[in-house]
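As structure tokens, the structure follows; a few thoughts come after it.
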There are 2 protein chains.
Amino acid sequence: MPEFRKDPVVNRWVIIATERANRPQESRIAERPHRAGPCPFCSGNETMTPPEILAYRDKNSQPNQPGWTVRVVPNMYPALLPDEAHERSTRGFYETMSGAGVHEVIIEVQEHATRLAEVDDKQVDDLVKAYHARMVALRQDKRWRHVLLYKNEGAQAGATFEHLHSQLVAMPVVPREVGDELEGAKQFYEQHRQCVYCAIINADIADGSRIVIETDQFVALCPYAARFSFETWIVPKRHDPYFESASELERGEFALTLRETLIRLDRSLDHPSFNYVLHSGPSGATQEHYYHWHLEIMPRMSGIAGFEWGSGFFINTAAPEDAARLLREALR
Amino acid sequence: MPEFRKDPVVNRWVIIATERANRPQESRIAERPHRAGPCPFCSGNETMTPPEILAYRDKNSQPNQPGWTVRVVPNMYPALLPDEAHERSTRGFYETMSGAGVHEVIIEVQEHATRLAEVDDKQVDDLVKAYHARMVALRQDKRWRHVLLYKNEGAQAGATFEHLHSQLVAMPVVPREVGDELEGAKQFYEQHRQCVYCAIINADIADGSRIVIETDQFVALCPYAARFSFETWIVPKRHDPYFESASELERGEFALTLRETLIRLDRSLDHPSFNYVLHSGPSGATQEHYYHWHLEIMPRMSGIAGFEWGSGFFINTAAPEDAARLLREALR
């Protein structure tokens, strides 16, 4: 029987309708992006990108030459530009703000690889180190209220290049989704004197049915009101609003947990397209002590269509408890 | 230069970044769904669907037999079921509600057609008549707080069948997007003693740059803070919260405006995939007099990826003024 479930953070309702998973589908979307021309992210093609901002490379190698493991460059087609003045203006009753911000690309591997689950532990460790270094650096700039890290893998997830990469956008405003999470976390804190993410971790560890991986420092879980089939969150057990505050030990364990979760998703879903986003607290005068950083992985098994756009609701055809069980059993 | 624009109804920021439209893209998604097996929506296959709820048909034809123009049937894989009790419950600190609701499919044409822009005026007129009849009927049932009408056309818009069809979902709760619009419209009304959609129509007709079509009763416009390239809204000039209150004359003119807008989009964008949603006021004790029904058409030129999911923001690479100009010129 279908049921509505309410997300305890943002109070968003999701419809869990497992019977719909059985419906016949005429159309499927091509899974693999095709390549055209040389890949600008491959080692040897470093001159095809703007000069690097950061790279982890051999001591003997030169900037913007081969010999790196992870490389960060400005996005060549940025959604936002850093040197714009941050000004609001009106046009009649319409409001506008100049598009100041930073848009970077994190190239995740030197060779042309297309599945993050298939690269090795050391590489994912370097990747998380690069995420951390750039987020810490961008947070220094007081113009940016928020830094969003996200990744698109596979054509159905909206990846325009198949060579593994993540992206960072620093913005002068707090994005709506993060704002909704902050507001929900604040309300929960005021009512219960507890962080809602800590409450989720405690409830889900006690229950067990939605847990995918539990390590000393992290939990990977399928959230109660998951929007997407096999949606999985990685949440640190230690309460902290900021990913930027994670210790080296925590970052290492986070990298291992991330890689293992992706391997389990790859095995269970036969190499799905997916997005992930890292939500860390915004910068600002007030400490948002009730917030709790985390990573949300969203496999993109089906298109987002009129119902979702029109309603802001989601229909999920896999119960999170079933998804978590399959992910737990995936490596057996 | 990129700019942030604020939607005057829901206060959602959108990034208009036209330079990004020039970026090279490695991957494109297959445009056409492929077919497998007989189409359950084609005339002659009426027994492949559940019995019809409504059909406009020849006087001499029998129910669930050929001879119809538009046919409404229950969705065989419904996201919601009508006979569920509407009950809220909790599991620890999680909230659940049984999934009561109605999910119908409106088959738009008898023959296997895949582009609504290519069917004739009479057919679109019957379609709008069917939308109206079903929405009026579902509104009688006091269990449903809201009825959402939506349509997915083309694989990239999430259509699982290519034979033209729309869908209706009646729900016991007001969906988040409609709730946000209602809340925004209410705030605007309290501040300005005017409907925000009426204000948009007045501002945009005076300005002219975002208008696609203007008829006696309707305006088709590219909204100031469009989320999607070539997003187009059809808004009635006469203020009314409910599509269900539209007169026969208005419904006919709405059908003509809808068809002409779709033809212009087809010509300008070479047969894009698209979604549309019809937003009408929710049912309830209070008259939401500040709301204003409308249709939102969202061409799906690019995938929705990590940035959008992570931020709740949208990046639109076509300025609405440019899109509107191209749509105005499309039939010359």
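The chains in the structure tokens are called A, B, ... from first to last as shown; in each chain the residues are counted from 1, and the ligands are counted from 1 in the order shown.
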
Please list as a tab-separated table (two decimals) with all heavy atoms, in the first residue's frame every residue within 9 Å of Ile53 of chain B, counting only C-alpha atoms and excluding residues in the same chain fewer than 4 positions away.
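The new file out_0.tsv reads:
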chain	number	residue	atom	x	y	z
B	71	ARG	N	-9.90	9.86	-23.73
B	71	ARG	CA	-10.35	8.76	-22.88
B	71	ARG	C	-9.61	8.85	-21.54
B	71	ARG	O	-8.39	9.00	-21.51
B	71	ARG	CB	-10.03	7.45	-23.59
B	71	ARG	CG	-10.60	6.20	-22.96
B	71	ARG	CD	-10.51	5.02	-23.93
B	71	ARG	NE	-11.02	3.83	-23.25
B	71	ARG	CZ	-10.24	2.87	-22.72
B	71	ARG	NH1	-8.93	2.94	-22.84
B	71	ARG	NH2	-10.80	1.86	-22.08
B	72	VAL	N	-10.35	8.76	-20.43
B	72	VAL	CA	-9.74	8.85	-19.09
B	72	VAL	C	-9.89	7.50	-18.40
B	72	VAL	O	-11.00	6.95	-18.32
B	72	VAL	CB	-10.40	9.95	-18.24
B	72	VAL	CG1	-9.70	10.09	-16.89
B	72	VAL	CG2	-10.40	11.29	-18.98
B	73	VAL	N	-8.78	6.95	-17.90
B	73	VAL	CA	-8.79	5.64	-17.23
B	73	VAL	C	-7.99	5.74	-15.93
B	73	VAL	O	-7.15	6.64	-15.79
B	73	VAL	CB	-8.17	4.54	-18.14
B	73	VAL	CG1	-8.97	4.37	-19.42
B	73	VAL	CG2	-6.70	4.83	-18.44
B	74	PRO	N	-8.24	4.83	-14.97
B	74	PRO	CA	-7.39	4.82	-13.77
B	74	PRO	C	-5.96	4.44	-14.16
B	74	PRO	O	-5.76	3.62	-15.06
B	74	PRO	CB	-8.00	3.72	-12.89
B	74	PRO	CG	-9.37	3.48	-13.44
B	74	PRO	CD	-9.30	3.80	-14.91
B	104	GLU	N	-5.20	9.18	-12.18
B	104	GLU	CA	-5.86	8.88	-13.46
B	104	GLU	C	-4.96	9.24	-14.63
B	104	GLU	O	-4.08	10.09	-14.51
B	104	GLU	CB	-7.17	9.69	-13.58
B	104	GLU	CG	-8.17	9.34	-12.48
B	104	GLU	CD	-9.48	10.11	-12.58
B	104	GLU	OE1	-9.59	11.03	-13.44
B	104	GLU	OE2	-10.40	9.80	-11.80

Skip Gln217 of chain A itself and residues of its chain fewer than 3 positions away, then list as a VMD selection string all residues within 9 Å of it, counting only C-alpha atoms. chain A and resid 214 235 to 238 250 253 to 254

Give the answer as one residue: which of B:Phe93, B:Tyr150, B:Tyr189, B:Tyr56 has the shortest atom-to-atom distance to Leu127 of chain B, using only C-alpha atoms?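 Selected residue with least distance to Leu127 of chain B: B:Tyr56.
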
Residues near Arg139 of chain B, anyone? I mean within 9 Å using only C-alpha atoms, not counting same-chain ones fewer than 4 positions away, as an NGL selection string. :B and (134-135 or 143-147 or 170 or 244 or 282-283)

Write a file of the just-selected residues containing C-alpha atoms, as a CSV table (one decimal), in the first residue's frame.
chain,number,residue,atom,x,y,z
B,134,ARG,CA,-12.3,15.4,-14.2
B,135,MET,CA,-11.0,18.2,-12.0
B,143,ARG,CA,-11.2,13.9,1.0
B,144,TRP,CA,-9.0,15.6,-1.6
B,145,ARG,CA,-7.3,18.9,-0.7
B,146,HIS,CA,-5.7,19.3,-4.1
B,147,VAL,CA,-5.9,17.9,-7.7
B,170,ALA,CA,-5.9,14.0,-6.3
B,244,GLU,CA,-12.6,24.7,-12.5
B,282,PRO,CA,-6.7,23.8,-3.3
B,283,SER,CA,-10.1,22.9,-1.9

In segment 125-193 of chain B, DSSP alpha helix (DSSP H) residues written as number ranges by chain: B: 125-140, 176-192

Tell me which protein, DNA and RNA residues are within 7 Å of segment 258-262 of chain A, counting only C-alpha atoms, leaving out same-chain ones fewer than 4 positions away, and put them as a ChimeraX atom specification. /A:117,124,254,266

Next, the residues of the selection above should be written as a PDB file, in the first residue's frame with C-alpha atoms.
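Once everything was written out, this is result.pdb:
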ATOM      1  CA  ALA A 117      33.324   3.150  -7.382  1.00  0.00           C
ATOM      2  CA  VAL A 124      39.136   8.679  -3.130  1.00  0.00           C
ATOM      3  CA  PHE A 254      34.573   9.435   5.313  1.00  0.00           C
ATOM      4  CA  ASP A 266      27.118  -0.176  -8.203  1.00  0.00           C
TER       5      ASP A 266
END

Length of the atom CA of Gly208 of chain A to atom CA of Gly310 of chain B vector [Å]: 26.7 Å

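In this structure, atom CA of Val173 of chain A sits 10.5 Å away from atom CA of Gly284 of chain A.
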
Mind checking DSSP for segment 112-320 of chain B and telling me the strand (DSSP E or B) residues as a PDB file with N, CA, C and O atoms, in the first residue's frame?
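Result written to part06.pdb:
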ATOM      1  N   HIS B 146      -6.263  18.707  -2.882  1.00  0.00           N
ATOM      2  CA  HIS B 146      -5.712  19.276  -4.107  1.00  0.00           C
ATOM      3  C   HIS B 146      -5.728  18.269  -5.246  1.00  0.00           C
ATOM      4  O   HIS B 146      -5.548  17.074  -5.034  1.00  0.00           O
ATOM      5  N   VAL B 147      -5.949  18.773  -6.455  1.00  0.00           N
ATOM      6  CA  VAL B 147      -5.885  17.950  -7.662  1.00  0.00           C
ATOM      7  C   VAL B 147      -4.815  18.552  -8.571  1.00  0.00           C
ATOM      8  O   VAL B 147      -4.888  19.727  -8.927  1.00  0.00           O
ATOM      9  N   LEU B 148      -3.813  17.733  -8.886  1.00  0.00           N
ATOM     10  CA  LEU B 148      -2.713  18.200  -9.741  1.00  0.00           C
ATOM     11  C   LEU B 148      -2.835  17.559 -11.108  1.00  0.00           C
ATOM     12  O   LEU B 148      -2.906  16.338 -11.222  1.00  0.00           O
ATOM     13  N   LEU B 149      -2.860  18.381 -12.153  1.00  0.00           N
ATOM     14  CA  LEU B 149      -2.842  17.871 -13.514  1.00  0.00           C
ATOM     15  C   LEU B 149      -1.453  18.097 -14.088  1.00  0.00           C
ATOM     16  O   LEU B 149      -0.913  19.202 -13.976  1.00  0.00           O
ATOM     17  N   TYR B 150      -0.874  17.055 -14.702  1.00  0.00           N
ATOM     18  CA  TYR B 150       0.452  17.224 -15.288  1.00  0.00           C
ATOM     19  C   TYR B 150       0.605  16.350 -16.515  1.00  0.00           C
ATOM     20  O   TYR B 150      -0.156  15.402 -16.721  1.00  0.00           O
ATOM     21  N   LYS B 151       1.618  16.680 -17.293  1.00  0.00           N
ATOM     22  CA  LYS B 151       1.865  15.957 -18.538  1.00  0.00           C
ATOM     23  C   LYS B 151       3.363  15.848 -18.757  1.00  0.00           C
ATOM     24  O   LYS B 151       4.096  16.812 -18.529  1.00  0.00           O
ATOM     25  N   ASN B 152       3.816  14.665 -19.170  1.00  0.00           N
ATOM     26  CA  ASN B 152       5.216  14.423 -19.527  1.00  0.00           C
ATOM     27  C   ASN B 152       5.238  14.030 -20.996  1.00  0.00           C
ATOM     28  O   ASN B 152       4.609  13.046 -21.370  1.00  0.00           O
ATOM     29  N   GLU B 153       5.944  14.769 -21.817  1.00  0.00           N
ATOM     30  CA  GLU B 153       6.045  14.418 -23.241  1.00  0.00           C
ATOM     31  C   GLU B 153       7.512  14.301 -23.640  1.00  0.00           C
ATOM     32  O   GLU B 153       8.272  15.249 -23.503  1.00  0.00           O
ATOM     33  N   HIS B 165      -0.390  11.422 -23.478  1.00  0.00           N
ATOM     34  CA  HIS B 165      -1.260  11.271 -22.305  1.00  0.00           C
ATOM     35  C   HIS B 165      -0.904  12.320 -21.252  1.00  0.00           C
ATOM     36  O   HIS B 165       0.216  12.824 -21.215  1.00  0.00           O
ATOM     37  N   SER B 166      -1.889  12.643 -20.425  1.00  0.00           N
ATOM     38  CA  SER B 166      -1.689  13.503 -19.256  1.00  0.00           C
ATOM     39  C   SER B 166      -2.087  12.697 -18.030  1.00  0.00           C
ATOM     40  O   SER B 166      -2.620  11.591 -18.154  1.00  0.00           O
ATOM     41  N   GLN B 167      -1.825  13.227 -16.837  1.00  0.00           N
ATOM     42  CA  GLN B 167      -2.177  12.517 -15.618  1.00  0.00           C
ATOM     43  C   GLN B 167      -2.776  13.476 -14.598  1.00  0.00           C
ATOM     44  O   GLN B 167      -2.489  14.668 -14.603  1.00  0.00           O
ATOM     45  N   LEU B 168      -3.600  12.903 -13.741  1.00  0.00           N
ATOM     46  CA  LEU B 168      -4.245  13.663 -12.661  1.00  0.00           C
ATOM     47  C   LEU B 168      -3.980  12.938 -11.354  1.00  0.00           C
ATOM     48  O   LEU B 168      -4.171  11.723 -11.273  1.00  0.00           O
ATOM     49  N   VAL B 169      -3.553  13.668 -10.341  1.00  0.00           N
ATOM     50  CA  VAL B 169      -3.411  13.082  -9.006  1.00  0.00           C
ATOM     51  C   VAL B 169      -4.195  13.941  -8.018  1.00  0.00           C
ATOM     52  O   VAL B 169      -3.953  15.148  -7.916  1.00  0.00           O
ATOM     53  N   ALA B 170      -5.155  13.316  -7.326  1.00  0.00           N
ATOM     54  CA  ALA B 170      -5.891  14.000  -6.259  1.00  0.00           C
ATOM     55  C   ALA B 170      -5.291  13.545  -4.931  1.00  0.00           C
ATOM     56  O   ALA B 170      -5.044  12.356  -4.731  1.00  0.00           O
ATOM     57  N   MET B 171      -5.027  14.490  -4.037  1.00  0.00           N
ATOM     58  CA  MET B 171      -4.285  14.199  -2.814  1.00  0.00           C
ATOM     59  C   MET B 171      -4.949  14.804  -1.580  1.00  0.00           C
ATOM     60  O   MET B 171      -5.598  15.842  -1.678  1.00  0.00           O
ATOM     61  N   ILE B 211       6.444  38.609 -23.280  1.00  0.00           N
ATOM     62  CA  ILE B 211       5.153  38.105 -23.777  1.00  0.00           C
ATOM     63  C   ILE B 211       5.360  37.266 -25.037  1.00  0.00           C
ATOM     64  O   ILE B 211       6.047  37.685 -25.964  1.00  0.00           O
ATOM     65  N   VAL B 212       4.746  36.087 -25.074  1.00  0.00           N
ATOM     66  CA  VAL B 212       4.782  35.230 -26.264  1.00  0.00           C
ATOM     67  C   VAL B 212       3.485  35.402 -27.062  1.00  0.00           C
ATOM     68  O   VAL B 212       3.502  35.614 -28.265  1.00  0.00           O
ATOM     69  N   ILE B 213       2.355  35.283 -26.396  1.00  0.00           N
ATOM     70  CA  ILE B 213       1.039  35.425 -27.034  1.00  0.00           C
ATOM     71  C   ILE B 213       0.145  36.243 -26.104  1.00  0.00           C
ATOM     72  O   ILE B 213       0.171  36.016 -24.885  1.00  0.00           O
ATOM     73  N   GLU B 214      -0.641  37.148 -26.654  1.00  0.00           N
ATOM     74  CA  GLU B 214      -1.682  37.798 -25.867  1.00  0.00           C
ATOM     75  C   GLU B 214      -2.998  37.678 -26.621  1.00  0.00           C
ATOM     76  O   GLU B 214      -3.093  38.063 -27.785  1.00  0.00           O
ATOM     77  N   PHE B 218      -6.194  35.488 -22.374  1.00  0.00           N
ATOM     78  CA  PHE B 218      -5.001  34.814 -21.862  1.00  0.00           C
ATOM     79  C   PHE B 218      -3.707  35.494 -22.272  1.00  0.00           C
ATOM     80  O   PHE B 218      -3.654  36.204 -23.268  1.00  0.00           O
ATOM     81  N   VAL B 219      -2.671  35.237 -21.451  1.00  0.00           N
ATOM     82  CA  VAL B 219      -1.322  35.655 -21.796  1.00  0.00           C
ATOM     83  C   VAL B 219      -0.424  34.430 -21.694  1.00  0.00           C
ATOM     84  O   VAL B 219      -0.492  33.692 -20.705  1.00  0.00           O
ATOM     85  N   ALA B 220       0.414  34.201 -22.725  1.00  0.00           N
ATOM     86  CA  ALA B 220       1.492  33.218 -22.621  1.00  0.00           C
ATOM     87  C   ALA B 220       2.774  34.024 -22.476  1.00  0.00           C
ATOM     88  O   ALA B 220       3.047  34.906 -23.291  1.00  0.00           O
ATOM     89  N   LEU B 221       3.536  33.776 -21.410  1.00  0.00           N
ATOM     90  CA  LEU B 221       4.731  34.583 -21.142  1.00  0.00           C
ATOM     91  C   LEU B 221       5.872  33.705 -20.625  1.00  0.00           C
ATOM     92  O   LEU B 221       5.648  32.640 -20.056  1.00  0.00           O
ATOM     93  N   THR B 232       7.503  28.547 -20.159  1.00  0.00           N
ATOM     94  CA  THR B 232       6.411  29.441 -20.572  1.00  0.00           C
ATOM     95  C   THR B 232       5.180  29.169 -19.713  1.00  0.00           C
ATOM     96  O   THR B 232       4.833  28.017 -19.481  1.00  0.00           O
ATOM     97  N   TRP B 233       4.567  30.227 -19.219  1.00  0.00           N
ATOM     98  CA  TRP B 233       3.334  30.092 -18.446  1.00  0.00           C
ATOM     99  C   TRP B 233       2.161  30.616 -19.268  1.00  0.00           C
ATOM    100  O   TRP B 233       2.299  31.606 -19.987  1.00  0.00           O
ATOM    101  N   ILE B 234       1.025  29.946 -19.127  1.00  0.00           N
ATOM    102  CA  ILE B 234      -0.218  30.475 -19.699  1.00  0.00           C
ATOM    103  C   ILE B 234      -1.105  30.882 -18.532  1.00  0.00           C
ATOM    104  O   ILE B 234      -1.437  30.059 -17.667  1.00  0.00           O
ATOM    105  N   VAL B 235      -1.442  32.171 -18.484  1.00  0.00           N
ATOM    106  CA  VAL B 235      -2.152  32.732 -17.331  1.00  0.00           C
ATOM    107  C   VAL B 235      -3.420  33.427 -17.821  1.00  0.00           C
ATOM    108  O   VAL B 235      -3.365  34.216 -18.778  1.00  0.00           O
ATOM    109  N   PRO B 236      -4.582  33.141 -17.211  1.00  0.00           N
ATOM    110  CA  PRO B 236      -5.801  33.852 -17.613  1.00  0.00           C
ATOM    111  C   PRO B 236      -5.753  35.301 -17.128  1.00  0.00           C
ATOM    112  O   PRO B 236      -5.277  35.569 -16.025  1.00  0.00           O
ATOM    113  N   PHE B 274       9.055  17.968 -22.874  1.00  0.00           N
ATOM    114  CA  PHE B 274       8.601  18.987 -21.916  1.00  0.00           C
ATOM    115  C   PHE B 274       7.649  18.379 -20.891  1.00  0.00           C
ATOM    116  O   PHE B 274       7.080  17.304 -21.105  1.00  0.00           O
ATOM    117  N   ASN B 275       7.520  19.064 -19.771  1.00  0.00           N
ATOM    118  CA  ASN B 275       6.469  18.799 -18.790  1.00  0.00           C
ATOM    119  C   ASN B 275       5.569  20.018 -18.740  1.00  0.00           C
ATOM    120  O   ASN B 275       6.027  21.136 -18.964  1.00  0.00           O
ATOM    121  N   TYR B 276       4.283  19.793 -18.480  1.00  0.00           N
ATOM    122  CA  TYR B 276       3.514  20.939 -18.007  1.00  0.00           C
ATOM    123  C   TYR B 276       2.673  20.550 -16.811  1.00  0.00           C
ATOM    124  O   TYR B 276       2.379  19.366 -16.616  1.00  0.00           O
ATOM    125  N   VAL B 277       2.355  21.543 -15.990  1.00  0.00           N
ATOM    126  CA  VAL B 277       1.520  21.315 -14.806  1.00  0.00           C
ATOM    127  C   VAL B 277       0.483  22.417 -14.743  1.00  0.00           C
ATOM    128  O   VAL B 277       0.765  23.573 -15.072  1.00  0.00           O
ATOM    129  N   LEU B 278      -0.736  22.032 -14.359  1.00  0.00           N
ATOM    130  CA  LEU B 278      -1.799  23.009 -14.198  1.00  0.00           C
ATOM    131  C   LEU B 278      -1.991  23.214 -12.695  1.00  0.00           C
ATOM    132  O   LEU B 278      -2.267  22.257 -11.964  1.00  0.00           O
ATOM    133  N   HIS B 279      -1.773  24.428 -12.258  1.00  0.00           N
ATOM    134  CA  HIS B 279      -1.922  24.756 -10.844  1.00  0.00           C
ATOM    135  C   HIS B 279      -3.239  25.490 -10.614  1.00  0.00           C
ATOM    136  O   HIS B 279      -3.418  26.610 -11.075  1.00  0.00           O
ATOM    137  N   HIS B 294      -3.074  28.782 -13.285  1.00  0.00           N
ATOM    138  CA  HIS B 294      -2.204  28.968 -14.448  1.00  0.00           C
ATOM    139  C   HIS B 294      -1.606  27.631 -14.850  1.00  0.00           C
ATOM    140  O   HIS B 294      -1.632  26.663 -14.081  1.00  0.00           O
ATOM    141  N   LEU B 295      -1.027  27.586 -16.041  1.00  0.00           N
ATOM    142  CA  LEU B 295      -0.340  26.400 -16.548  1.00  0.00           C
ATOM    143  C   LEU B 295       1.144  26.744 -16.722  1.00  0.00           C
ATOM    144  O   LEU B 295       1.477  27.789 -17.272  1.00  0.00           O
ATOM    145  N   GLU B 296       2.026  25.873 -16.245  1.00  0.00           N
ATOM    146  CA  GLU B 296       3.474  26.087 -16.392  1.00  0.00           C
ATOM    147  C   GLU B 296       4.035  25.024 -17.341  1.00  0.00           C
ATOM    148  O   GLU B 296       3.948  23.839 -17.049  1.00  0.00           O
ATOM    149  N   ILE B 297       4.613  25.471 -18.455  1.00  0.00           N
ATOM    150  CA  ILE B 297       5.233  24.552 -19.426  1.00  0.00           C
ATOM    151  C   ILE B 297       6.749  24.613 -19.239  1.00  0.00           C
ATOM    152  O   ILE B 297       7.336  25.691 -19.270  1.00  0.00           O
ATOM    153  N   MET B 298       7.367  23.443 -19.023  1.00  0.00           N
ATOM    154  CA  MET B 298       8.799  23.391 -18.739  1.00  0.00           C
ATOM    155  C   MET B 298       9.524  22.518 -19.753  1.00  0.00           C
ATOM    156  O   MET B 298       9.559  21.298 -19.620  1.00  0.00           O
ATOM    157  N   PRO B 299      10.103  23.114 -20.812  1.00  0.00           N
ATOM    158  CA  PRO B 299      10.901  22.313 -21.754  1.00  0.00           C
ATOM    159  C   PRO B 299      12.094  21.719 -21.011  1.00  0.00           C
ATOM    160  O   PRO B 299      12.664  22.360 -20.121  1.00  0.00           O
ATOM    161  N   PHE B 314      18.116  26.949  -9.570  1.00  0.00           N
ATOM    162  CA  PHE B 314      18.180  26.507 -10.945  1.00  0.00           C
ATOM    163  C   PHE B 314      19.130  27.421 -11.703  1.00  0.00           C
ATOM    164  O   PHE B 314      19.256  28.598 -11.374  1.00  0.00           O
ATOM    165  N   ILE B 315      19.817  26.854 -12.686  1.00  0.00           N
ATOM    166  CA  ILE B 315      20.633  27.647 -13.600  1.00  0.00           C
ATOM    167  C   ILE B 315      19.943  27.595 -14.949  1.00  0.00           C
ATOM    168  O   ILE B 315      19.698  26.523 -15.479  1.00  0.00           O
ATOM    169  N   ASN B 316      19.586  28.749 -15.461  1.00  0.00           N
ATOM    170  CA  ASN B 316      18.879  28.838 -16.739  1.00  0.00           C
ATOM    171  C   ASN B 316      19.812  29.529 -17.724  1.00  0.00           C
ATOM    172  O   ASN B 316      20.278  30.636 -17.466  1.00  0.00           O
TER     173      ASN B 316
END
